[in-house]
Amino acid sequence: NGKSEPLSKVHGKPELFKYLDDNITEELASSNLPGLERAKTIIGRIQNKDLYKELIRFTIDMKEEVKKFNHQHGRPVVAQTSRFIKSTKQWFCSFNVTFYRPAADGEEGIDVVSLEEARDVNHAVTGESTEEIEEYIIYCTETDIEVQCNAKQYFTNLLIGTTKQS
């Protein structure tokens, strides 16, 4: 009928999910239906702004280092996800960024670098294809500031080491 349906009516009837409205999180949080414990925990974290903290980004897969870090702490403290940027063209055009270089021919000041030249420099420096970039993002799953700082320091040191070896 195009009207919103309460969660108790759509539970177990996937065809009715299209009628849920923006109050779904409140309905889930207050529901007594079985099997919603994890959803309630996630909603509680969102409402309390108790979310994962982004620590650092890499251009290389760090899943082994994440696994090692979590093993050292005896629990999952960090998690890795990735995002795929379809092309450096998309990346360079998606952000409002101006690229600069020192002025040519010994002149004082700086010159603006074209997007095409910036892409070429990126390829020359990183060796990444201009067709794709995969970025790996490390998050801390703990809310304790000290744990977050220690995790960030650990992965920053790895990034510095990775950069020096490159």
# chains A, B, ... in the order shown; residues from 1 in each chain; ligands from 1
>>> select_by_dssp(residues="range 29-84 of chain A", states="helix (DSSP H, G or I)", output="ChimeraX atom specification")
/A:29-30,37-47,63-73
>>> residues_around(residues="Gln47 in chain A", least_positions_apart="6", cutoff="12 Å", atoms="only C-alpha atoms", output="list of chain:residue names")
A:Thr25, A:Glu26, A:Ala29, A:Lys40, A:Thr41
>>> closest_residue(among="A:Met62, A:Val121, A:Leu55, A:Ile133", to="Ile85 in chain A", atoms="only C-alpha atoms")
A:Ile133
>>> residues_around(residues="Thr81 in chain A", least_positions_apart="3", cutoff="7 Å", atoms="only C-alpha atoms", output="PyMOL selection string")
chain A and resi 136-138
>>> write_last_selection(atoms="N, CA and C atoms", output="compact mmCIF listing (two decimals), in the first residue's frame")
# COMPACT_ATOMS: atom_id res chain seq x y z
N TYR A 136 44.59 0.79 0.66
CA TYR A 136 44.27 -0.01 1.83
C TYR A 136 44.19 0.91 3.04
N ILE A 137 43.10 0.79 3.78
CA ILE A 137 42.84 1.69 4.90
C ILE A 137 42.82 0.86 6.19
N ILE A 138 43.61 1.27 7.17
CA ILE A 138 43.67 0.60 8.46
C ILE A 138 42.82 1.39 9.46
